[in-house]
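Trainee: Just dropping this structure here.
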Amino acid sequence: MSKDRFKEFEWEDKEGMFEVALDKALDGKFKDEHFPLLRVKNLCKYFPIYSKGFLKKQIGTIKAVDDISFDLMPGETLGLVGESGCGKTTAGRTILRALDPTSGEVHFDTFTKLVDLCKIPEKKLKPLRTKMQMIFQDPYASLNPRMTVRQIVAEPLVIHNLAKGQELEDRVVEMLRKVGLKPEHRTRYPHAFSGGQRQRIGIARALIMHPSLVVCDEAVSALDVSVQAQVINLLQDLQEDLGLTYIFIAHNLGVVKHICDDIAVMYAGRIVELAKTDDLFNDPRHPYTKMLLSAVPNPDPDVPMNPALSGEVPDISNLPPGCSFHSRCSICKTGCKDEKQQLVKVGDGHYVSCSLVDGKK
Amino acid sequence: MSETGKNMDEVRDLAPRSPLPAPSSPSTPRSPLPATSSSNVLEIQDLKVYFNTIEGELRAVDGVGFSMRRGKVMALVGESGCGKSVTSYSILRLIQSPGKIVGGSMMFYPHDEKPSDIAKLSDNDELIYHIRGGKISMIFQEPMTALSPVHTVGNQICEAILIHQKVTKKEAEIKAIEMLRKVGISGPEKRISQYPFEMSGGMRQRVMIAMALVCNPEILIADEPTTALDVTIQAQIMLLMKNLQKELGTSILLITHDLGVVAQMADDVAVMYLGKIVECSDVRSILKSPRHPYTMGLLASLPGLAMDKQRLHSIKGSVPSLTAIPPGCPFHPRCEYFKPGLCDVGNPPPLEEIEPGHTAACLRAREIRGEVGKF
């Protein structure tokens with residue numbers, strides 16, 4: 001893959017609304033063969049809070065996703081972890097434009113051009129949807145009980161008018177085989193399947209259009225351990241086969257460690273630490289990351305748990321000023337209460353948003 | 001956790017709140033291992049709970065037996081549908097039609113009362129009302145659905161006190177406040193007039209724990225107490241339960257599928273599969289040298305924080321339906337050590353003692369010991 005591939009195609013966007021000029025997008029940072037598939041820059045998603053009564057005045061905002069940035073290389077897996085309410089699901093949905101972002105840029109490499117998903121008009125978004133798909137958490141709620149497996153898995157192809165008749169049938173069968181289901185399963189309804197099998201149906205539906213980016217929103221959290229291991233293995237095999245890129249949203253740090261190349265730790269809408277998986281687990285820098293890691297119960301009874309914990313997640317509609325973690329932080333200094341923290345590079349691909357841990361080991 | 005640590009001194013003052021004649025020293029909590037009666041607080045033998053459905057008789061719990069040591073934490077582990085929740089519900093006699101306890105015994109040895117067989121009690125026996133909530137209480141998985149949304153937290157805790165203790169409403173309220181403080185809720189005087197929806201998930205689970213422990217029960221059944229919580233809150237709740245258990249001498253039956261929680265909390269472990277216990281021992285020997293292939297598989301399929309493996313081991317297939325339990329050893333279609341002609345015929349293998357104190361229900365448990373645990 002070289003930079004030239006972009007030149008072979010005509011640019012459709014005459015007003016220059018949503019396509020990203022290559023030089024600007026790449027900042028001269030990436031060599032010819034390595035473009036990020038996805039580049040998120042200063043993405044924000046705020047939800048307004050309205051007052052009760054007739055006037056519905058806006059009385060506040062929830063900063064669900066606040067100024068997050070990262071690059072995601074093709075074929076890699078980024079983990080988004082954090083406590084519930086930290087904005088990881090909203091981040092995933094905003095990136096796919098399932099929610100309209102408040103501000104920010106999401107550069108997505110469609111293989112023929114780079115587009116900014118935040119600015120592209122709704123009408124032009126539809127063909128791009130074939131490239132980005134989502135796998136949901138609850139395999140019981142995410143499958144329509146009145147549709148057969150064939151209808152569920154074929155629906156994306158039908159909506160985008162990509163196949164019909166025998167070809168449609170063949171692609172459904174092929175996809176079902178790929179996720180470890182049998183062709184004869186396609187006439188059955190979701191209720192006839194176990195949790196693990198349902199999740200496989202959800203995976204088949206997401207992958208039938210050969211997307212390049214898949215957002216897995218807690219895709220294995222609802223499954224039992226033995227089945228969870230099967231689904232994790234399946235996701236990894238499919239990634240190798242089809243060259244998929246995952247954003248893996250989860251709260252189980254063990255699963256994230258197993259499957260991800262990079263991990264972004266989120267707290268109250270912001271990324272507080274972004275690092276390669278090994279760096280994050282061996283050398284966590286941010287006090288919040290340390291707190292999260294210390295809270296994971298070790299399955300070895302001889303390693304006692306010694307969590308350094310205090311407090312609970314603050315009310316996200318009314319965050320403390322300055323670093324939003326300062327109310328729970330063990331190394332908090334007076335300055336933390338005043339200034340917002342920015343992500344700062346502390347090592348190779350390792351970013352931390354805490355002014356007290358910059359640079360030093 | 002700092003809040004709990006602070007409150008530990010207060011916990012010492014907690015008197016056992018039995019409506020019946022109190023033991024000799026009413027101002028001190030029970031010692032974990034009293035010399036009186038047996039050292040087991042609950043002995044379950046051959047418990048059978050069947051559900052009659054259109055599809056046939058579902059043997060949700062089929063011949064389960066284990067003993068809970070007084071003042072210890074016993075963990076029941078297994079995948080969903082293995083019967084661990086049905087077992088715990090039957091201890092409280094909460095099984096509803098079409099479910100029925102069709103056999104077995106559950107001997108309950110209270111500290112200061114006559115032992116009784118819970119399985120033999122009738123559904124509206126006065127004794128079961130006395131035991132349920134007073135002597136044996138329960139924490140449920142989902143604190144939002146288990147708490148009433150239309151009653152204040154204080155009302156819900158006081159209800160438990162007023163049913164089981166002879167106190168006035170005023171005294172009950174004071175006890176509720178005291179208990180809320182013990183579980184680490186700040187400003188309990190204000191909190192008791194709040195509704196559950198005004199609290200976070202961790203707070204609600206603390207309220208559940210307060211409600212369960214307020215009558216100072218002998219046994220606390222905790223059905224997936226931390227599954228719905230974040231890791232940080234989970235760790236706080238685990239520490240809280242551990243500390244309160246040490247102080248009050250309560251025995252805990254912990255039901256979970258998280259082996260990390262088991263390792264950190266439990267003293268003894270029973271692994272269940274399809275309504276039967278397949279392995280039972282103390283926590284160290286189960287996690288470090290499992291003897292049943294199912295336990296080995298469960299441990300190996302954990303994506304651990306401590307190891308780097310490219311591919312996870314997984315148990316092949318999935319849990320069969322209770323209507324179609326395989327003949328012979330129910331685990332044989334998924335087992336790596338399956339031997340045709342041995343494992344798939346006859347009755348399910350009985351629990352046998354492989355080592356002192358370590359039982360497993362596998363015909364080949366002695367042969368396959370080569371497979372060492374993960375750690």
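The chains in the structure tokens are called A, B, ... from first to last as shown; in each chain the residues are counted from 1, and the ligands are counted from 1 in the order shown.
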Using only C-alpha atoms, find which residues of chain B lie within 6 Å of chain A and jot them down as a PDB file with all heavy atoms, in the first residue's frame.
Mentor:
```pdb
ATOM      1  N   MET B   1      -9.379  -0.540  51.779  1.00  0.00           N
ATOM      2  CA  MET B   1     -10.352   0.507  51.585  1.00  0.00           C
ATOM      3  C   MET B   1     -10.509   1.288  52.881  1.00  0.00           C
ATOM      4  O   MET B   1     -10.771   0.736  53.931  1.00  0.00           O
ATOM      5  CB  MET B   1     -11.665  -0.130  51.190  1.00  0.00           C
ATOM      6  CG  MET B   1     -12.651   0.855  50.669  1.00  0.00           C
ATOM      7  SD  MET B   1     -14.156  -0.016  50.327  1.00  0.00           S
ATOM      8  CE  MET B   1     -14.470  -0.708  51.908  1.00  0.00           C
ATOM      9  N   GLU B  79     -20.807 -22.588  35.199  1.00  0.00           N
ATOM     10  CA  GLU B  79     -21.330 -21.725  34.148  1.00  0.00           C
ATOM     11  C   GLU B  79     -22.822 -21.523  34.347  1.00  0.00           C
ATOM     12  O   GLU B  79     -23.454 -22.201  35.152  1.00  0.00           O
ATOM     13  CB  GLU B  79     -21.054 -22.364  32.788  1.00  0.00           C
ATOM     14  CG  GLU B  79     -19.583 -22.406  32.473  1.00  0.00           C
ATOM     15  CD  GLU B  79     -19.315 -23.122  31.169  1.00  0.00           C
ATOM     16  OE1 GLU B  79     -19.193 -24.350  31.188  1.00  0.00           O
ATOM     17  OE2 GLU B  79     -19.242 -22.448  30.144  1.00  0.00           O
ATOM     18  N   ASP B 230     -18.317  -2.622  38.555  1.00  0.00           N
ATOM     19  CA  ASP B 230     -16.998  -2.368  37.968  1.00  0.00           C
ATOM     20  C   ASP B 230     -15.902  -2.983  38.828  1.00  0.00           C
ATOM     21  O   ASP B 230     -16.097  -3.198  40.021  1.00  0.00           O
ATOM     22  CB  ASP B 230     -16.747  -0.855  37.913  1.00  0.00           C
ATOM     23  CG  ASP B 230     -17.450  -0.239  36.742  1.00  0.00           C
ATOM     24  OD1 ASP B 230     -17.390  -0.829  35.660  1.00  0.00           O
ATOM     25  OD2 ASP B 230     -18.053   0.828  36.913  1.00  0.00           O
ATOM     26  N   VAL B 231     -14.720  -3.209  38.238  1.00  0.00           N
ATOM     27  CA  VAL B 231     -13.637  -3.841  39.010  1.00  0.00           C
ATOM     28  C   VAL B 231     -13.289  -3.083  40.271  1.00  0.00           C
ATOM     29  O   VAL B 231     -13.055  -3.691  41.313  1.00  0.00           O
ATOM     30  CB  VAL B 231     -12.323  -4.036  38.206  1.00  0.00           C
ATOM     31  CG1 VAL B 231     -12.290  -5.390  37.589  1.00  0.00           C
ATOM     32  CG2 VAL B 231     -12.077  -2.950  37.228  1.00  0.00           C
ATOM     33  N   THR B 232     -13.240  -1.771  40.201  1.00  0.00           N
ATOM     34  CA  THR B 232     -12.832  -1.022  41.392  1.00  0.00           C
ATOM     35  C   THR B 232     -13.883  -1.160  42.490  1.00  0.00           C
ATOM     36  O   THR B 232     -13.552  -1.371  43.658  1.00  0.00           O
ATOM     37  CB  THR B 232     -12.642   0.461  41.066  1.00  0.00           C
ATOM     38  OG1 THR B 232     -13.808   0.938  40.406  1.00  0.00           O
ATOM     39  CG2 THR B 232     -11.455   0.684  40.173  1.00  0.00           C
ATOM     40  N   ALA B 235     -13.798  -4.687  43.929  1.00  0.00           N
ATOM     41  CA  ALA B 235     -12.752  -4.887  44.923  1.00  0.00           C
ATOM     42  C   ALA B 235     -13.175  -4.316  46.268  1.00  0.00           C
ATOM     43  O   ALA B 235     -12.945  -4.920  47.315  1.00  0.00           O
ATOM     44  CB  ALA B 235     -11.456  -4.241  44.447  1.00  0.00           C
ATOM     45  N   LEU B 259     -13.416 -16.806  38.622  1.00  0.00           N
ATOM     46  CA  LEU B 259     -12.445 -17.556  39.414  1.00  0.00           C
ATOM     47  C   LEU B 259     -11.484 -16.633  40.149  1.00  0.00           C
ATOM     48  O   LEU B 259     -10.897 -17.020  41.153  1.00  0.00           O
ATOM     49  CB  LEU B 259     -11.694 -18.531  38.523  1.00  0.00           C
ATOM     50  CG  LEU B 259     -12.583 -19.676  38.020  1.00  0.00           C
ATOM     51  CD1 LEU B 259     -11.943 -20.398  36.857  1.00  0.00           C
ATOM     52  CD2 LEU B 259     -12.869 -20.662  39.133  1.00  0.00           C
ATOM     53  N   GLY B 260     -11.328 -15.401  39.673  1.00  0.00           N
ATOM     54  CA  GLY B 260     -10.512 -14.441  40.395  1.00  0.00           C
ATOM     55  C   GLY B 260     -11.131 -14.110  41.740  1.00  0.00           C
ATOM     56  O   GLY B 260     -10.454 -14.091  42.770  1.00  0.00           O
ATOM     57  N   VAL B 261     -12.438 -13.872  41.737  1.00  0.00           N
ATOM     58  CA  VAL B 261     -13.139 -13.588  42.979  1.00  0.00           C
ATOM     59  C   VAL B 261     -13.046 -14.783  43.915  1.00  0.00           C
ATOM     60  O   VAL B 261     -12.815 -14.643  45.118  1.00  0.00           O
ATOM     61  CB  VAL B 261     -14.623 -13.231  42.684  1.00  0.00           C
ATOM     62  CG1 VAL B 261     -15.402 -13.074  43.964  1.00  0.00           C
ATOM     63  CG2 VAL B 261     -14.715 -11.970  41.848  1.00  0.00           C
ATOM     64  N   ALA B 263     -10.687 -17.054  44.095  1.00  0.00           N
ATOM     65  CA  ALA B 263      -9.341 -17.183  44.647  1.00  0.00           C
ATOM     66  C   ALA B 263      -9.124 -16.210  45.793  1.00  0.00           C
ATOM     67  O   ALA B 263      -8.447 -16.520  46.765  1.00  0.00           O
ATOM     68  CB  ALA B 263      -8.304 -16.948  43.553  1.00  0.00           C
ATOM     69  N   GLN B 264      -9.694 -15.027  45.686  1.00  0.00           N
ATOM     70  CA  GLN B 264      -9.442 -14.008  46.696  1.00  0.00           C
ATOM     71  C   GLN B 264     -10.367 -14.120  47.906  1.00  0.00           C
ATOM     72  O   GLN B 264     -10.047 -13.614  48.964  1.00  0.00           O
ATOM     73  CB  GLN B 264      -9.584 -12.616  46.073  1.00  0.00           C
ATOM     74  CG  GLN B 264      -8.584 -12.323  44.981  1.00  0.00           C
ATOM     75  CD  GLN B 264      -7.148 -12.364  45.482  1.00  0.00           C
ATOM     76  OE1 GLN B 264      -6.854 -12.003  46.607  1.00  0.00           O
ATOM     77  NE2 GLN B 264      -6.258 -12.844  44.637  1.00  0.00           N
ATOM     78  N   SER B 301      -9.188 -21.535  30.315  1.00  0.00           N
ATOM     79  CA  SER B 301      -9.842 -20.614  29.384  1.00  0.00           C
ATOM     80  C   SER B 301      -9.926 -19.202  29.941  1.00  0.00           C
ATOM     81  O   SER B 301     -10.501 -18.325  29.318  1.00  0.00           O
ATOM     82  CB  SER B 301     -11.229 -21.124  29.013  1.00  0.00           C
ATOM     83  OG  SER B 301     -12.005 -21.349  30.148  1.00  0.00           O
ATOM     84  N   PRO B 303      -8.634 -15.678  30.347  1.00  0.00           N
ATOM     85  CA  PRO B 303      -7.585 -14.802  29.830  1.00  0.00           C
ATOM     86  C   PRO B 303      -6.937 -14.086  30.996  1.00  0.00           C
ATOM     87  O   PRO B 303      -7.507 -13.183  31.582  1.00  0.00           O
ATOM     88  CB  PRO B 303      -8.327 -13.834  28.913  1.00  0.00           C
ATOM     89  CG  PRO B 303      -9.759 -13.957  29.262  1.00  0.00           C
ATOM     90  CD  PRO B 303      -9.962 -15.130  30.148  1.00  0.00           C
ATOM     91  N   GLY B 304      -5.754 -14.538  31.378  1.00  0.00           N
ATOM     92  CA  GLY B 304      -5.170 -14.071  32.629  1.00  0.00           C
ATOM     93  C   GLY B 304      -4.378 -12.798  32.454  1.00  0.00           C
ATOM     94  O   GLY B 304      -3.947 -12.453  31.367  1.00  0.00           O
ATOM     95  N   LEU B 305      -4.189 -12.096  33.547  1.00  0.00           N
ATOM     96  CA  LEU B 305      -3.344 -10.915  33.506  1.00  0.00           C
ATOM     97  C   LEU B 305      -1.876 -11.322  33.560  1.00  0.00           C
ATOM     98  O   LEU B 305      -0.998 -10.584  33.171  1.00  0.00           O
ATOM     99  CB  LEU B 305      -3.652 -10.012  34.696  1.00  0.00           C
ATOM    100  CG  LEU B 305      -4.994  -9.307  34.669  1.00  0.00           C
ATOM    101  CD1 LEU B 305      -5.186  -8.533  35.946  1.00  0.00           C
ATOM    102  CD2 LEU B 305      -5.065  -8.392  33.478  1.00  0.00           C
ATOM    103  N   LEU B 312      -6.184 -18.826  23.392  1.00  0.00           N
ATOM    104  CA  LEU B 312      -6.783 -19.300  24.629  1.00  0.00           C
ATOM    105  C   LEU B 312      -7.212 -20.746  24.468  1.00  0.00           C
ATOM    106  O   LEU B 312      -7.707 -21.144  23.422  1.00  0.00           O
ATOM    107  CB  LEU B 312      -8.019 -18.473  24.947  1.00  0.00           C
ATOM    108  CG  LEU B 312      -7.807 -17.130  25.603  1.00  0.00           C
ATOM    109  CD1 LEU B 312      -9.139 -16.452  25.758  1.00  0.00           C
ATOM    110  CD2 LEU B 312      -7.169 -17.303  26.953  1.00  0.00           C
ATOM    111  N   SER B 314      -9.872 -23.466  25.011  1.00  0.00           N
ATOM    112  CA  SER B 314     -11.304 -23.384  25.263  1.00  0.00           C
ATOM    113  C   SER B 314     -11.878 -24.787  25.342  1.00  0.00           C
ATOM    114  O   SER B 314     -11.373 -25.716  24.719  1.00  0.00           O
ATOM    115  CB  SER B 314     -11.994 -22.585  24.159  1.00  0.00           C
ATOM    116  OG  SER B 314     -11.842 -23.235  22.933  1.00  0.00           O
ATOM    117  N   ILE B 315     -12.934 -24.921  26.152  1.00  0.00           N
ATOM    118  CA  ILE B 315     -13.613 -26.206  26.245  1.00  0.00           C
ATOM    119  C   ILE B 315     -14.471 -26.333  25.001  1.00  0.00           C
ATOM    120  O   ILE B 315     -15.230 -25.423  24.677  1.00  0.00           O
ATOM    121  CB  ILE B 315     -14.493 -26.263  27.503  1.00  0.00           C
ATOM    122  CG1 ILE B 315     -13.651 -25.952  28.735  1.00  0.00           C
ATOM    123  CG2 ILE B 315     -15.148 -27.616  27.631  1.00  0.00           C
ATOM    124  CD1 ILE B 315     -14.450 -25.913  30.016  1.00  0.00           C
TER     125      ILE B 315
END
```
Trainee: Could you name the residues that touch Asp217 of chain A at 6 Å or less, counting only C-alpha atoms, but leaving out those on the same chain fewer than 5 positions away, as a ChimeraX atom specification?
Mentor: /A:136-137,249
Trainee: Go ahead and write the residues just picked, N, CA and C atoms, as an mmCIF file, in the first residue's frame.
Mentor:
```
data_model
loop_
_atom_site.group_PDB
_atom_site.id
_atom_site.type_symbol
_atom_site.label_atom_id
_atom_site.label_comp_id
_atom_site.auth_asym_id
_atom_site.auth_seq_id
_atom_site.Cartn_x
_atom_site.Cartn_y
_atom_site.Cartn_z
ATOM 1 N N PHE A 136 -22.370 -6.206 19.238
ATOM 2 C CA PHE A 136 -22.956 -5.672 20.461
ATOM 3 C C PHE A 136 -22.747 -6.610 21.639
ATOM 4 N N GLN A 137 -23.026 -6.056 22.819
ATOM 5 C CA GLN A 137 -22.762 -6.794 24.046
ATOM 6 C C GLN A 137 -23.722 -7.952 24.263
ATOM 7 N N ILE A 249 -14.079 -2.619 23.043
ATOM 8 C CA ILE A 249 -14.520 -1.936 24.251
ATOM 9 C C ILE A 249 -14.831 -2.984 25.302
#
```
Trainee: What does the distance from atom CA of Thr168 of chain B to atom CA of Phe197 of chain B come to in Å, to one decimal?
Mentor: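 One can read the atom CA of Thr168 of chain B to atom CA of Phe197 of chain B distance as 27.5 Å.
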Trainee: Have a look at atom CA of Asp109 of chain A and atom CA of Ile271 of chain A and let me know their distance in Å, one decimal.
Mentor: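 According to the coordinates, atom CA of Asp109 of chain A and atom CA of Ile271 of chain A are separated by 22.8 Å.
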Trainee: Excluding Met74 of chain B and its own-chain neighbours fewer than 5 positions away, which residues fall within 10 Å of it when counting only C-alpha atoms? Please give them as a PyMOL selection string.
Mentor: chain B and resi 66-69+221+251-255+262+265-270+281-283
Trainee: Leaving out Arg181 of chain B and any residue of its chain fewer than 5 positions from it, which residues lie within 9 Å of it when counting only C-alpha atoms, given as a ChimeraX atom specification?
Mentor: /B:7,176,186-188,210
Trainee: Closest to Phe111 of chain A among A:Thr334, A:Gln166, A:Ser212, A:Gln342, using only C-alpha atoms?
Mentor: A:Ser212
Trainee: Would you list the contacts of Val319 of chain B as a PyMOL selection string, taking every protein, DNA or RNA residue within 9 Å and counting only C-alpha atoms, but skipping same-chain residues closer than 5 positions in sequence?
Mentor: (chain A and resi 194) or (chain B and resi 79-82+273-274+331+334)
Trainee: Within 9 Å of Leu242 of chain A, counting only C-alpha atoms, which residues show up once you throw out same-chain ones fewer than 2 positions away? Write them as a tab-separated table (two decimals) with C-alpha atoms, in the first residue's frame, please.
Mentor:
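Contents of the output file out06.tsv:
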```
chain	number	residue	atom	x	y	z
A	210	HIS	CA	-16.10	-7.53	4.81
A	211	PRO	CA	-15.73	-4.34	6.82
A	212	SER	CA	-12.31	-2.96	7.63
A	237	ASP	CA	-8.84	-15.99	13.78
A	238	LEU	CA	-11.19	-13.77	11.79
A	239	GLN	CA	-8.92	-10.81	12.29
A	240	GLU	CA	-6.07	-12.77	10.76
A	244	LEU	CA	-9.84	-6.73	10.39
```
Trainee: Which residues, written as a VMD selection string, have at least one atom at most 9 Å from Tyr50 of chain A, with only C-alpha atoms counted and residues fewer than 6 positions away on the same chain left out?
Mentor: chain A and resid 56 to 61
Trainee: DSSP on the backbone, then: every residue of segment 157-353 of chain A marked strand (DSSP E), written as a PyMOL selection string.
Mentor: chain A and resi 213-217+245-249+262-267+270-276+344-347+350-352
Trainee: Per DSSP on the backbone, filter segment 113-348 of chain B down to the residues in helix (DSSP H, G or I) and report them as a ChimeraX atom specification.
Mentor: /B:118-120,126-131,143-146,153-164,169-182,188-191,196-198,201-213,231-248,259-265,283-288,293-300,322-324,332-334
Trainee: Provide the atom CA of Leu239 of chain B to atom CA of Cys280 of chain B distance in Å, to one decimal place.
Mentor: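 Taking atom CA of Leu239 of chain B as the start and atom CA of Cys280 of chain B as the end point, the length is 24.4 Å.
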